[in-house]
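Data block for run.cif (mmCIF, N, CA and C atoms):
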```cif
data_query
loop_
_atom_site.label_atom_id
_atom_site.label_comp_id
_atom_site.auth_asym_id
_atom_site.auth_seq_id
_atom_site.Cartn_x
_atom_site.Cartn_y
_atom_site.Cartn_z
N MET A 297 0.85 -1.17 0.00
CA MET A 297 0.00 0.00 0.00
C MET A 297 0.89 1.23 0.00
N VAL A 298 0.46 2.22 -0.75
CA VAL A 298 1.22 3.45 -0.90
C VAL A 298 0.40 4.60 -0.33
N GLY A 299 1.03 5.39 0.51
CA GLY A 299 0.40 6.58 1.07
C GLY A 299 1.39 7.71 1.14
N ASP A 300 0.98 8.88 0.75
CA ASP A 300 1.88 10.04 0.69
C ASP A 300 3.12 9.74 -0.13
N GLY A 301 2.97 8.93 -1.18
CA GLY A 301 4.08 8.63 -2.08
C GLY A 301 5.09 7.63 -1.57
N ARG A 302 4.81 6.97 -0.45
CA ARG A 302 5.76 5.98 0.08
C ARG A 302 5.04 4.68 0.40
N VAL A 303 5.78 3.58 0.32
CA VAL A 303 5.20 2.28 0.66
C VAL A 303 5.00 2.24 2.17
N VAL A 304 3.76 1.99 2.61
CA VAL A 304 3.49 1.95 4.04
C VAL A 304 3.32 0.52 4.54
N THR A 305 3.00 -0.40 3.65
CA THR A 305 2.93 -1.82 4.03
C THR A 305 2.86 -2.66 2.77
N LYS A 306 3.25 -3.91 2.90
CA LYS A 306 3.14 -4.86 1.80
C LYS A 306 2.13 -5.92 2.19
N LEU A 307 1.26 -6.27 1.25
CA LEU A 307 0.23 -7.26 1.50
C LEU A 307 0.57 -8.56 0.80
N GLY A 308 0.04 -9.65 1.31
CA GLY A 308 0.27 -10.96 0.71
C GLY A 308 -1.03 -11.68 0.46
N PRO A 309 -0.95 -12.94 0.06
CA PRO A 309 -2.16 -13.72 -0.23
C PRO A 309 -3.12 -13.73 0.96
N GLY A 310 -4.38 -13.44 0.68
CA GLY A 310 -5.39 -13.44 1.72
C GLY A 310 -5.53 -12.15 2.49
N ASP A 311 -4.61 -11.20 2.30
CA ASP A 311 -4.71 -9.92 3.00
C ASP A 311 -5.80 -9.07 2.36
N GLY A 312 -6.38 -8.22 3.16
CA GLY A 312 -7.42 -7.33 2.68
C GLY A 312 -7.00 -5.88 2.83
N PHE A 313 -7.75 -5.02 2.18
CA PHE A 313 -7.51 -3.59 2.28
C PHE A 313 -8.81 -2.85 2.02
N GLY A 314 -8.87 -1.61 2.43
CA GLY A 314 -10.05 -0.79 2.20
C GLY A 314 -11.03 -0.77 3.36
N GLU A 315 -10.71 -1.48 4.43
CA GLU A 315 -11.66 -1.56 5.55
C GLU A 315 -11.83 -0.24 6.28
N VAL A 316 -10.80 0.60 6.31
CA VAL A 316 -10.93 1.89 6.99
C VAL A 316 -12.01 2.72 6.28
N ALA A 317 -11.94 2.78 4.97
CA ALA A 317 -12.93 3.55 4.21
C ALA A 317 -14.34 2.99 4.41
N LEU A 318 -14.46 1.67 4.46
CA LEU A 318 -15.78 1.06 4.64
C LEU A 318 -16.32 1.29 6.05
N LEU A 319 -15.48 1.10 7.06
CA LEU A 319 -15.93 1.24 8.44
C LEU A 319 -16.21 2.69 8.82
N ARG A 320 -15.41 3.59 8.31
CA ARG A 320 -15.56 5.00 8.67
C ARG A 320 -16.36 5.80 7.65
N ARG A 321 -16.67 5.17 6.51
CA ARG A 321 -17.37 5.86 5.41
C ARG A 321 -16.64 7.14 5.03
N VAL A 322 -15.34 6.98 4.77
CA VAL A 322 -14.47 8.09 4.39
C VAL A 322 -13.71 7.70 3.13
N PRO A 323 -13.08 8.66 2.46
CA PRO A 323 -12.24 8.32 1.31
C PRO A 323 -11.09 7.41 1.75
N ARG A 324 -10.56 6.68 0.80
CA ARG A 324 -9.44 5.78 1.09
C ARG A 324 -8.26 6.55 1.68
N THR A 325 -7.51 5.89 2.55
CA THR A 325 -6.36 6.53 3.19
C THR A 325 -5.05 6.20 2.48
N ALA A 326 -5.08 5.24 1.55
CA ALA A 326 -3.88 4.85 0.82
C ALA A 326 -4.29 4.24 -0.51
N MET A 327 -3.31 4.01 -1.37
CA MET A 327 -3.53 3.40 -2.66
C MET A 327 -2.85 2.03 -2.65
N VAL A 328 -3.45 1.07 -3.32
CA VAL A 328 -2.85 -0.25 -3.43
C VAL A 328 -2.35 -0.42 -4.86
N ARG A 329 -1.11 -0.85 -4.97
CA ARG A 329 -0.50 -1.08 -6.29
C ARG A 329 -0.02 -2.52 -6.32
N ALA A 330 -0.52 -3.31 -7.28
CA ALA A 330 -0.13 -4.72 -7.40
C ALA A 330 1.22 -4.85 -8.07
N ALA A 331 2.07 -5.70 -7.50
CA ALA A 331 3.39 -5.97 -8.08
C ALA A 331 3.33 -7.16 -9.04
N THR A 332 2.28 -7.97 -8.93
CA THR A 332 2.09 -9.14 -9.80
C THR A 332 0.61 -9.23 -10.17
N ASP A 333 0.30 -10.13 -11.10
CA ASP A 333 -1.10 -10.38 -11.43
C ASP A 333 -1.81 -10.90 -10.18
N LEU A 334 -3.08 -10.56 -10.04
CA LEU A 334 -3.83 -11.01 -8.88
C LEU A 334 -5.30 -11.09 -9.21
N GLU A 335 -6.04 -11.72 -8.32
CA GLU A 335 -7.49 -11.79 -8.43
C GLU A 335 -8.08 -11.12 -7.20
N LEU A 336 -8.97 -10.17 -7.42
CA LEU A 336 -9.57 -9.43 -6.31
C LEU A 336 -11.03 -9.79 -6.16
N GLN A 337 -11.50 -9.69 -4.93
CA GLN A 337 -12.92 -9.77 -4.63
C GLN A 337 -13.28 -8.50 -3.88
N ALA A 338 -14.39 -7.90 -4.24
CA ALA A 338 -14.79 -6.64 -3.63
C ALA A 338 -16.09 -6.81 -2.85
N LEU A 339 -16.19 -6.07 -1.77
CA LEU A 339 -17.41 -6.01 -0.97
C LEU A 339 -17.90 -4.57 -0.93
N THR A 340 -19.19 -4.39 -1.03
CA THR A 340 -19.75 -3.06 -0.86
C THR A 340 -19.91 -2.78 0.62
N CYS A 341 -20.05 -1.52 0.94
CA CYS A 341 -20.28 -1.11 2.32
C CYS A 341 -21.54 -1.79 2.87
N GLU A 342 -22.57 -1.90 2.04
CA GLU A 342 -23.84 -2.49 2.47
C GLU A 342 -23.70 -3.97 2.84
N ARG A 343 -22.74 -4.67 2.24
CA ARG A 343 -22.51 -6.08 2.57
C ARG A 343 -21.52 -6.23 3.71
N PHE A 344 -20.52 -5.36 3.75
CA PHE A 344 -19.43 -5.46 4.72
C PHE A 344 -19.85 -5.05 6.13
N LEU A 345 -20.46 -3.88 6.25
CA LEU A 345 -20.76 -3.33 7.58
C LEU A 345 -21.64 -4.21 8.45
N PRO A 346 -22.76 -4.75 7.95
CA PRO A 346 -23.59 -5.57 8.84
C PRO A 346 -22.87 -6.81 9.37
N VAL A 347 -22.00 -7.38 8.55
CA VAL A 347 -21.27 -8.56 8.98
C VAL A 347 -20.28 -8.23 10.08
N VAL A 348 -19.56 -7.13 9.91
CA VAL A 348 -18.51 -6.77 10.87
C VAL A 348 -19.08 -6.10 12.11
N THR A 349 -20.00 -5.17 11.92
CA THR A 349 -20.48 -4.40 13.06
C THR A 349 -21.72 -5.01 13.73
N GLY A 350 -22.30 -6.02 13.12
CA GLY A 350 -23.49 -6.63 13.68
C GLY A 350 -23.23 -7.57 14.84
N PHE A 351 -21.98 -7.88 15.12
CA PHE A 351 -21.59 -8.78 16.21
C PHE A 351 -20.62 -8.00 17.09
N PRO A 352 -21.01 -7.66 18.32
CA PRO A 352 -20.19 -6.76 19.15
C PRO A 352 -18.70 -7.11 19.25
N PRO A 353 -18.30 -8.39 19.42
CA PRO A 353 -16.85 -8.66 19.48
C PRO A 353 -16.12 -8.29 18.18
N SER A 354 -16.73 -8.56 17.03
CA SER A 354 -16.06 -8.21 15.78
C SER A 354 -16.07 -6.70 15.57
N ALA A 355 -17.12 -6.01 16.02
CA ALA A 355 -17.16 -4.55 15.91
C ALA A 355 -16.05 -3.92 16.74
N ARG A 356 -15.84 -4.43 17.96
CA ARG A 356 -14.75 -3.91 18.81
C ARG A 356 -13.38 -4.16 18.16
N GLU A 357 -13.19 -5.37 17.65
CA GLU A 357 -11.92 -5.72 17.01
C GLU A 357 -11.67 -4.85 15.78
N ALA A 358 -12.71 -4.66 14.98
CA ALA A 358 -12.57 -3.83 13.78
C ALA A 358 -12.21 -2.40 14.17
N GLY A 359 -12.85 -1.86 15.19
CA GLY A 359 -12.54 -0.51 15.65
C GLY A 359 -11.11 -0.38 16.12
N ALA A 360 -10.64 -1.38 16.86
CA ALA A 360 -9.26 -1.36 17.36
C ALA A 360 -8.26 -1.46 16.20
N GLU A 361 -8.56 -2.32 15.22
CA GLU A 361 -7.68 -2.46 14.06
C GLU A 361 -7.59 -1.17 13.26
N VAL A 362 -8.72 -0.52 13.05
CA VAL A 362 -8.73 0.74 12.32
C VAL A 362 -7.90 1.78 13.05
N GLU A 363 -8.07 1.89 14.35
CA GLU A 363 -7.28 2.86 15.12
C GLU A 363 -5.79 2.57 15.00
N GLU A 364 -5.41 1.29 15.06
CA GLU A 364 -4.00 0.92 14.93
C GLU A 364 -3.46 1.29 13.55
N MET A 365 -4.24 1.02 12.52
CA MET A 365 -3.80 1.36 11.16
C MET A 365 -3.67 2.87 10.99
N LEU A 366 -4.62 3.61 11.51
CA LEU A 366 -4.56 5.06 11.38
C LEU A 366 -3.42 5.65 12.18
N ASP A 367 -3.09 5.05 13.32
CA ASP A 367 -1.93 5.50 14.09
C ASP A 367 -0.63 5.25 13.33
N ARG A 368 -0.59 4.13 12.60
CA ARG A 368 0.62 3.76 11.85
C ARG A 368 0.80 4.64 10.63
N PHE A 369 -0.31 5.04 10.02
CA PHE A 369 -0.22 5.86 8.82
C PHE A 369 -1.32 6.89 8.81
N SER A 370 -0.95 8.14 8.94
CA SER A 370 -1.90 9.24 8.82
C SER A 370 -1.45 10.11 7.67
N PRO A 371 -2.22 10.12 6.57
CA PRO A 371 -1.78 10.93 5.42
C PRO A 371 -1.72 12.41 5.76
N GLU A 372 -0.78 13.07 5.14
CA GLU A 372 -0.64 14.52 5.33
C GLU A 372 -1.86 15.20 4.73
N LYS A 373 -2.35 16.20 5.40
CA LYS A 373 -3.46 16.99 4.85
C LYS A 373 -2.90 18.00 3.86
N PRO A 374 -3.50 18.10 2.66
CA PRO A 374 -3.01 19.12 1.71
C PRO A 374 -3.28 20.52 2.23
N GLU A 375 -2.40 21.42 1.91
CA GLU A 375 -2.58 22.82 2.36
C GLU A 375 -3.55 23.55 1.49
#
```
Represent the structure contained in this file as structure tokens.
Amino acid sequence: MVGDGRVVTKLGPGDGFGEVALLRRVPRTAMVRAATDLELQALTCERFLPVVTGFPPSAREAGAEVEEMLDRFSPEKPE
């Protein structure tokens, strides 16, 4: 994943991305650039949110994960 023009993390098989935008209903915080051919599966917010937030333990875990990711990478605000 690339944010502010730098690689912020590398993903592997089975890894996901885009959950911050789905959970917070905000624009993406980073861009993903594939280094090799891949197959993607996409979820809409309408499918993703009820599954994750409809069960309190998963909602808490998702919230904690988002906070950790945002602490690790906070894009610079344009002036």
Point-to-point distance from CA of Gly350 (chain A) to CA of Leu336 (chain A), Å rounded to tenths: 24.5 Å
Atom pair atom N of Lys306 (chain A) / CA of Glu363 (chain A): separation (Å): 17.5 Å
Picked from region 317-369 of chain A by DSSP as helix (DSSP H, G or I), as JSON, numbers by chain: {"A": [317, 318, 319, 320, 341, 342, 343, 344, 345, 346, 347, 348, 349, 352, 353, 354, 355, 356, 357, 358, 359, 360, 361, 362, 363, 364, 365, 366, 367, 368]}
Just so the selection is clear, what residues does the PyMOL selection byres ((chain A and resi 319) around 8) cover here, as a PDB file with N, CA and C atoms, in the coordinates of the input?
```pdb
ATOM      1  N   GLY A 314      -8.870  -1.610   2.430  1.00  0.00           N
ATOM      2  CA  GLY A 314     -10.050  -0.790   2.200  1.00  0.00           C
ATOM      3  C   GLY A 314     -11.030  -0.770   3.360  1.00  0.00           C
ATOM      4  N   GLU A 315     -10.710  -1.480   4.430  1.00  0.00           N
ATOM      5  CA  GLU A 315     -11.660  -1.560   5.550  1.00  0.00           C
ATOM      6  C   GLU A 315     -11.830  -0.240   6.280  1.00  0.00           C
ATOM      7  N   VAL A 316     -10.800   0.600   6.310  1.00  0.00           N
ATOM      8  CA  VAL A 316     -10.930   1.890   6.990  1.00  0.00           C
ATOM      9  C   VAL A 316     -12.010   2.720   6.280  1.00  0.00           C
ATOM     10  N   ALA A 317     -11.940   2.780   4.970  1.00  0.00           N
ATOM     11  CA  ALA A 317     -12.930   3.550   4.210  1.00  0.00           C
ATOM     12  C   ALA A 317     -14.340   2.990   4.410  1.00  0.00           C
ATOM     13  N   LEU A 318     -14.460   1.670   4.460  1.00  0.00           N
ATOM     14  CA  LEU A 318     -15.780   1.060   4.640  1.00  0.00           C
ATOM     15  C   LEU A 318     -16.320   1.290   6.050  1.00  0.00           C
ATOM     16  N   ARG A 320     -15.410   3.590   8.310  1.00  0.00           N
ATOM     17  CA  ARG A 320     -15.560   5.000   8.670  1.00  0.00           C
ATOM     18  C   ARG A 320     -16.360   5.800   7.650  1.00  0.00           C
ATOM     19  N   ARG A 321     -16.670   5.170   6.510  1.00  0.00           N
ATOM     20  CA  ARG A 321     -17.370   5.860   5.410  1.00  0.00           C
ATOM     21  C   ARG A 321     -16.640   7.140   5.030  1.00  0.00           C
ATOM     22  N   VAL A 322     -15.340   6.980   4.770  1.00  0.00           N
ATOM     23  CA  VAL A 322     -14.470   8.090   4.390  1.00  0.00           C
ATOM     24  C   VAL A 322     -13.710   7.700   3.130  1.00  0.00           C
ATOM     25  N   CYS A 341     -20.050  -1.520   0.940  1.00  0.00           N
ATOM     26  CA  CYS A 341     -20.280  -1.110   2.320  1.00  0.00           C
ATOM     27  C   CYS A 341     -21.540  -1.790   2.870  1.00  0.00           C
ATOM     28  N   PHE A 344     -20.520  -5.360   3.750  1.00  0.00           N
ATOM     29  CA  PHE A 344     -19.430  -5.460   4.720  1.00  0.00           C
ATOM     30  C   PHE A 344     -19.850  -5.050   6.130  1.00  0.00           C
ATOM     31  N   LEU A 345     -20.460  -3.880   6.250  1.00  0.00           N
ATOM     32  CA  LEU A 345     -20.760  -3.330   7.580  1.00  0.00           C
ATOM     33  C   LEU A 345     -21.640  -4.210   8.450  1.00  0.00           C
ATOM     34  N   ALA A 358     -12.710  -4.660  14.980  1.00  0.00           N
ATOM     35  CA  ALA A 358     -12.570  -3.830  13.780  1.00  0.00           C
ATOM     36  C   ALA A 358     -12.210  -2.400  14.170  1.00  0.00           C
TER      37      ALA A 358
END
```
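Atom C of Pro352 (chain A) lies 21.3 Å from atom C of Asp311 (chain A).
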Residue list (strand (DSSP E), DSSP) for chain A, as a list of chain:residue names: A:Val298, A:Gly299, A:Arg302, A:Val303
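Closest to Thr325 (chain A) among A:Gly308, A:Pro353, A:Leu366, A:Thr340 is A:Leu366, based on only C-alpha atoms.
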